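Q: The structure follows.
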Amino acid sequence: MRVLERLGHTVEFPAGQTCCGQMHYNTGYQAEAMPLLERFVAQFEGAEAVVVPSSSCVAMMRDHYPKMALEIGKAELIGAVDALLPKVFEFSEFVTKRLGLEDVGAHYPHRVTYHASCHGLRNLGLGDGPVRLLKAVRGIDLVELKGVEQCCGFGGTFAVKNADVSGAMLADKVSAVLETKAEACTACDNSCLMHIEGALHRQKMDVKTVHLAEILAGEEAAQ
């Protein structure tokens with residue numbers, strides 16, 4: 001919100017918003033996800049733009065909301081989903097593709113490495129947008145992550161149901177993060193950051209995870 005307001009936008013946070021339904025839908029509880037679609041539309045259908053700090057949530061909406069609306073079968077809902085989805089953006093996507101910006105006036109004097117989350121990379125096609133935003137940050141020392149496009153192993157319940165495989169993938173990712181000597185690892189999806197941070201914490205490593213928005217919200221006076 002601080003970044004968008006700094007850029008001159010009026011930001012509203014509907015208090016009635018809740019989960020997008022991804023956790024339910026991807027785990028087989030599709031019937032339970034349907035009311036969450038209807039609630040999302042009711043909360044946001046009047047917005048000029050809906051900005052989401054989670055690439056996996058936006059991927060859920062774009063990939064599944066249209067067919068969910070068709071399954072519910074309400075003509076009004078189908079029309080509302082079709083009208084709303086073009087206004088839904090992942091945070092970095094909104095800044096780079098909708099606003100056409102790279103420099104948002106951020107200041108973050110730390111050594112940082114960037115992990116490209118799977119949903120942003122493969123579902124949303126964010127490309128190098130987040131990296132361009134980071135490169136424009138004043139004071140940052142941005143270090144490329146080896147295997148930046150490699151999955152961190154989270155995948156929601158995949159990390160629970162396939163813990164050994166997930167753990168091995170996570171070990172590779174954390175090893176790559178530590179190799180950069182970065183103070184912080186950033187990404188556009190909190191689920192990846194939570195997974196990576198858990199491993200760093202267990203290993204008692206002095207590396208933190210920060211969402212891209214936290215870096216872009218940095219101001220020189222605050223530093």
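We label chains A, B, ... in the order they appear in the structure tokens, count residues from 1 in each chain, and number ligands from 1 in the order shown.
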Could you pull the residues within 12 Å of range 3-14 of chain A, counting only C-alpha atoms, minus those fewer than 3 positions along the same chain, as a PyMOL selection string?
A: chain A and resi 17-18+39-53+91-92+94-95+99-107+212-219
Q: Name the residues of range 4-148 of chain A that come out as alpha helix (DSSP H) in a backbone DSSP run; write them as an MDAnalysis selection string.
A: chainID A and resid 4:6 22:26 30:44 55:72 75:84 91:93 118 129:135
Q: Excluding Ala171 in chain A and any residue of its chain fewer than 4 positions from it, enumerate the residues within 8 Å of it, using only C-alpha atoms, and give them as a count of residues only.
A: 3
Q: Taking only chain A into account, list the residues labelled strand (DSSP E or B) by DSSP (computed from the backbone), as a PyMOL selection string.
A: chain A and resi 50-52+88-90+107+111-114+138+141-143+184-187+208-211
Q: Can I get the selection written as an mmCIF file, in the first residue's frame, with N, CA and C atoms?
A:
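As a result, part-v3.cif now contains:
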```cif
data_model
loop_
_atom_site.group_PDB
_atom_site.id
_atom_site.type_symbol
_atom_site.label_atom_id
_atom_site.label_comp_id
_atom_site.auth_asym_id
_atom_site.auth_seq_id
_atom_site.Cartn_x
_atom_site.Cartn_y
_atom_site.Cartn_z
ATOM 1 N N VAL A 50 -7.268 -4.512 -9.100
ATOM 2 C CA VAL A 50 -7.080 -5.327 -7.907
ATOM 3 C C VAL A 50 -5.622 -5.784 -7.904
ATOM 4 N N VAL A 51 -4.856 -5.339 -6.924
ATOM 5 C CA VAL A 51 -3.420 -5.633 -6.869
ATOM 6 C C VAL A 51 -3.176 -6.659 -5.772
ATOM 7 N N VAL A 52 -2.533 -7.767 -6.141
ATOM 8 C CA VAL A 52 -2.375 -8.916 -5.249
ATOM 9 C C VAL A 52 -0.887 -9.195 -5.021
ATOM 10 N N VAL A 88 -7.270 -7.653 -12.544
ATOM 11 C CA VAL A 88 -6.524 -8.283 -11.447
ATOM 12 C C VAL A 88 -5.054 -8.429 -11.836
ATOM 13 N N PHE A 89 -4.167 -7.930 -10.995
ATOM 14 C CA PHE A 89 -2.735 -7.949 -11.290
ATOM 15 C C PHE A 89 -1.933 -8.427 -10.085
ATOM 16 N N GLU A 90 -0.897 -9.190 -10.344
ATOM 17 C CA GLU A 90 0.124 -9.416 -9.326
ATOM 18 C C GLU A 90 0.854 -8.083 -9.129
ATOM 19 N N HIS A 107 14.647 2.770 -1.712
ATOM 20 C CA HIS A 107 16.019 2.778 -1.201
ATOM 21 C C HIS A 107 16.153 1.586 -0.260
ATOM 22 N N ARG A 111 22.534 -6.348 0.475
ATOM 23 C CA ARG A 111 22.847 -7.353 -0.546
ATOM 24 C C ARG A 111 21.657 -8.307 -0.644
ATOM 25 N N VAL A 112 21.074 -8.402 -1.835
ATOM 26 C CA VAL A 112 19.811 -9.112 -2.029
ATOM 27 C C VAL A 112 19.922 -10.080 -3.199
ATOM 28 N N THR A 113 19.265 -11.226 -3.083
ATOM 29 C CA THR A 113 19.127 -12.138 -4.217
ATOM 30 C C THR A 113 17.641 -12.410 -4.447
ATOM 31 N N TYR A 114 17.272 -12.691 -5.690
ATOM 32 C CA TYR A 114 15.864 -12.834 -6.084
ATOM 33 C C TYR A 114 15.562 -14.255 -6.537
ATOM 34 N N ARG A 138 17.684 2.174 -5.122
ATOM 35 C CA ARG A 138 18.916 2.844 -4.727
ATOM 36 C C ARG A 138 19.591 2.102 -3.575
ATOM 37 N N ASP A 141 22.471 -4.043 -3.531
ATOM 38 C CA ASP A 141 23.513 -4.869 -4.151
ATOM 39 C C ASP A 141 22.818 -6.159 -4.571
ATOM 40 N N LEU A 142 22.348 -6.209 -5.811
ATOM 41 C CA LEU A 142 21.550 -7.326 -6.305
ATOM 42 C C LEU A 142 22.452 -8.409 -6.883
ATOM 43 N N VAL A 143 22.346 -9.628 -6.312
ATOM 44 C CA VAL A 143 23.194 -10.742 -6.719
ATOM 45 C C VAL A 143 22.327 -11.818 -7.370
ATOM 46 N N ALA A 184 19.506 -10.871 2.250
ATOM 47 C CA ALA A 184 18.077 -11.139 2.130
ATOM 48 C C ALA A 184 17.770 -11.828 0.810
ATOM 49 N N CYS A 185 16.773 -12.695 0.855
ATOM 50 C CA CYS A 185 16.239 -13.337 -0.353
ATOM 51 C C CYS A 185 14.835 -12.794 -0.564
ATOM 52 N N THR A 186 14.548 -12.347 -1.770
ATOM 53 C CA THR A 186 13.234 -11.785 -2.059
ATOM 54 C C THR A 186 12.533 -12.581 -3.155
ATOM 55 N N ALA A 187 11.219 -12.434 -3.230
ATOM 56 C CA ALA A 187 10.394 -13.104 -4.232
ATOM 57 C C ALA A 187 9.057 -12.375 -4.298
ATOM 58 N N LYS A 208 17.602 -13.198 5.896
ATOM 59 C CA LYS A 208 16.161 -13.048 6.045
ATOM 60 C C LYS A 208 15.469 -13.117 4.686
ATOM 61 N N THR A 209 14.178 -13.353 4.710
ATOM 62 C CA THR A 209 13.377 -13.323 3.488
ATOM 63 C C THR A 209 12.465 -12.104 3.534
ATOM 64 N N VAL A 210 12.356 -11.410 2.421
ATOM 65 C CA VAL A 210 11.504 -10.214 2.338
ATOM 66 C C VAL A 210 10.739 -10.234 1.022
ATOM 67 N N HIS A 211 9.482 -9.858 1.090
ATOM 68 C CA HIS A 211 8.686 -9.759 -0.131
ATOM 69 C C HIS A 211 9.189 -8.578 -0.962
#
```
Q: So which residues touch Ser56 in chain A within 12 Å, counting only C-alpha atoms, skipping near sequence neighbours fewer than 3 positions away, as a VMD selection string?
A: chain A and resid 19 to 23 26 52 to 53 59 to 64 89 to 91 116 to 124 154 to 156 187 to 192
Q: I need the chosen residues saved as an mmCIF file, in the first residue's frame, with N, CA and C atoms.
A:
```
data_model
loop_
_atom_site.group_PDB
_atom_site.id
_atom_site.type_symbol
_atom_site.label_atom_id
_atom_site.label_comp_id
_atom_site.auth_asym_id
_atom_site.auth_seq_id
_atom_site.Cartn_x
_atom_site.Cartn_y
_atom_site.Cartn_z
ATOM 1 N N CYS A 19 -9.710 -15.729 1.653
ATOM 2 C CA CYS A 19 -8.903 -16.571 0.775
ATOM 3 C C CYS A 19 -9.463 -16.622 -0.647
ATOM 4 N N CYS A 20 -8.574 -16.718 -1.637
ATOM 5 C CA CYS A 20 -9.006 -16.819 -3.035
ATOM 6 C C CYS A 20 -9.567 -18.201 -3.354
ATOM 7 N N GLY A 21 -9.291 -19.190 -2.480
ATOM 8 C CA GLY A 21 -9.800 -20.542 -2.700
ATOM 9 C C GLY A 21 -8.786 -21.511 -3.264
ATOM 10 N N GLN A 22 -7.560 -21.041 -3.500
ATOM 11 C CA GLN A 22 -6.544 -21.902 -4.112
ATOM 12 C C GLN A 22 -6.259 -23.154 -3.279
ATOM 13 N N MET A 23 -6.104 -22.966 -1.974
ATOM 14 C CA MET A 23 -5.774 -24.108 -1.114
ATOM 15 C C MET A 23 -6.847 -25.189 -1.202
ATOM 16 N N ASN A 26 -7.000 -26.718 -5.136
ATOM 17 C CA ASN A 26 -5.862 -27.554 -5.526
ATOM 18 C C ASN A 26 -5.726 -28.824 -4.695
ATOM 19 N N VAL A 52 -2.533 -7.767 -6.141
ATOM 20 C CA VAL A 52 -2.375 -8.916 -5.249
ATOM 21 C C VAL A 52 -0.887 -9.195 -5.021
ATOM 22 N N PRO A 53 -0.423 -9.227 -3.776
ATOM 23 C CA PRO A 53 0.997 -9.496 -3.511
ATOM 24 C C PRO A 53 1.333 -10.981 -3.469
ATOM 25 N N ALA A 59 -2.572 -16.539 -10.231
ATOM 26 C CA ALA A 59 -2.602 -17.700 -11.124
ATOM 27 C C ALA A 59 -3.869 -18.515 -10.899
ATOM 28 N N MET A 60 -4.256 -18.685 -9.650
ATOM 29 C CA MET A 60 -5.489 -19.393 -9.325
ATOM 30 C C MET A 60 -6.681 -18.707 -9.988
ATOM 31 N N MET A 61 -6.749 -17.405 -9.865
ATOM 32 C CA MET A 61 -7.880 -16.659 -10.418
ATOM 33 C C MET A 61 -7.937 -16.771 -11.934
ATOM 34 N N ARG A 62 -6.809 -16.566 -12.588
ATOM 35 C CA ARG A 62 -6.806 -16.583 -14.055
ATOM 36 C C ARG A 62 -7.024 -17.981 -14.619
ATOM 37 N N ASP A 63 -6.442 -18.978 -13.966
ATOM 38 C CA ASP A 63 -6.520 -20.336 -14.497
ATOM 39 C C ASP A 63 -7.859 -21.017 -14.194
ATOM 40 N N HIS A 64 -8.448 -20.700 -13.030
ATOM 41 C CA HIS A 64 -9.583 -21.500 -12.576
ATOM 42 C C HIS A 64 -10.906 -20.751 -12.381
ATOM 43 N N PHE A 89 -4.167 -7.930 -10.995
ATOM 44 C CA PHE A 89 -2.735 -7.949 -11.290
ATOM 45 C C PHE A 89 -1.933 -8.427 -10.085
ATOM 46 N N GLU A 90 -0.897 -9.190 -10.344
ATOM 47 C CA GLU A 90 0.124 -9.416 -9.326
ATOM 48 C C GLU A 90 0.854 -8.083 -9.129
ATOM 49 N N PHE A 91 1.361 -7.843 -7.922
ATOM 50 C CA PHE A 91 1.915 -6.542 -7.556
ATOM 51 C C PHE A 91 2.972 -6.022 -8.536
ATOM 52 N N ALA A 116 12.689 -16.546 -8.393
ATOM 53 C CA ALA A 116 11.515 -16.450 -9.267
ATOM 54 C C ALA A 116 10.533 -17.561 -8.935
ATOM 55 N N SER A 117 9.421 -17.220 -8.321
ATOM 56 C CA SER A 117 8.442 -18.237 -7.938
ATOM 57 C C SER A 117 7.793 -18.848 -9.174
ATOM 58 N N CYS A 118 7.399 -20.103 -9.050
ATOM 59 C CA CYS A 118 6.892 -20.860 -10.205
ATOM 60 C C CYS A 118 5.643 -20.239 -10.837
ATOM 61 N N HIS A 119 4.680 -19.840 -10.003
ATOM 62 C CA HIS A 119 3.435 -19.300 -10.557
ATOM 63 C C HIS A 119 3.679 -17.990 -11.303
ATOM 64 N N GLY A 120 4.544 -17.159 -10.753
ATOM 65 C CA GLY A 120 4.843 -15.909 -11.434
ATOM 66 C C GLY A 120 5.602 -16.132 -12.725
ATOM 67 N N LEU A 121 6.532 -17.053 -12.687
ATOM 68 C CA LEU A 121 7.385 -17.324 -13.841
ATOM 69 C C LEU A 121 6.627 -18.051 -14.944
ATOM 70 N N ARG A 122 5.895 -19.107 -14.562
ATOM 71 C CA ARG A 122 5.306 -19.998 -15.566
ATOM 72 C C ARG A 122 3.837 -19.705 -15.865
ATOM 73 N N ASN A 123 3.062 -19.328 -14.867
ATOM 74 C CA ASN A 123 1.640 -19.059 -15.110
ATOM 75 C C ASN A 123 1.385 -17.624 -15.554
ATOM 76 N N LEU A 124 2.049 -16.672 -14.899
ATOM 77 C CA LEU A 124 1.768 -15.260 -15.167
ATOM 78 C C LEU A 124 2.723 -14.638 -16.184
ATOM 79 N N PHE A 154 8.031 -25.934 -2.477
ATOM 80 C CA PHE A 154 6.871 -25.789 -1.583
ATOM 81 C C PHE A 154 5.614 -26.397 -2.200
ATOM 82 N N GLY A 155 5.009 -25.700 -3.146
ATOM 83 C CA GLY A 155 3.847 -26.260 -3.841
ATOM 84 C C GLY A 155 2.664 -26.567 -2.947
ATOM 85 N N GLY A 156 2.441 -25.757 -1.906
ATOM 86 C CA GLY A 156 1.290 -25.989 -1.037
ATOM 87 C C GLY A 156 1.391 -27.319 -0.306
ATOM 88 N N ALA A 187 11.219 -12.434 -3.230
ATOM 89 C CA ALA A 187 10.394 -13.104 -4.232
ATOM 90 C C ALA A 187 9.057 -12.375 -4.298
ATOM 91 N N CYS A 188 8.201 -12.797 -5.223
ATOM 92 C CA CYS A 188 6.877 -12.181 -5.376
ATOM 93 C C CYS A 188 5.781 -13.027 -4.753
ATOM 94 N N ASP A 189 6.158 -14.067 -4.025
ATOM 95 C CA ASP A 189 5.157 -14.967 -3.457
ATOM 96 C C ASP A 189 5.558 -15.353 -2.037
ATOM 97 N N ASN A 190 4.696 -15.037 -1.082
ATOM 98 C CA ASN A 190 5.011 -15.308 0.321
ATOM 99 C C ASN A 190 5.123 -16.796 0.634
ATOM 100 N N SER A 191 4.477 -17.645 -0.149
ATOM 101 C CA SER A 191 4.561 -19.083 0.134
ATOM 102 C C SER A 191 5.981 -19.594 -0.095
ATOM 103 N N CYS A 192 6.623 -19.134 -1.167
ATOM 104 C CA CYS A 192 8.032 -19.492 -1.408
ATOM 105 C C CYS A 192 8.903 -18.949 -0.284
#
```
Q: Choose the residue, out of A:Glu183, A:Glu93, A:Glu76, A:Glu38, that has the smallest atom-to-atom separation from Met205 in chain A; count only C-alpha atoms.
A: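 Using only C-alpha atoms, the shortest distance to Met205 in chain A belongs to A:Glu183.
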Q: Quick one: distance from CA of Leu37 in chain A to CA of Asn162 in chain A in Å, one decimal?
A: 28.2 Å
Q: Which residue, A:Leu84, A:Ala159, A:Val165, A:Leu126, has the smallest gap to Lys97 in chain A when you use only C-alpha atoms?
A: A:Leu126
Q: Have a look at A:Ile72, A:Met1, A:Asp172, A:Glu197 and name the one nearest to Glu32 in chain A; count only C-alpha atoms.
A: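 Distance minimum relative to Glu32 in chain A lands on A:Ile72.
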Q: For Leu145 in chain A, which residue among A:Val131, A:Ala80, A:Met169, A:Ala163 is the nearest when counting only C-alpha atoms?
A: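 Residue with the minimum atom-to-atom distance to Leu145 in chain A: A:Val131.
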Q: Quick one: of A:Met68, A:Cys57, A:Arg2, A:Val148, who's nearest to Pro35 in chain A, counting only C-alpha atoms?
A: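 Going through A:Met68, A:Cys57, A:Arg2, A:Val148 one by one, the smallest distance to Pro35 in chain A is for A:Met68.
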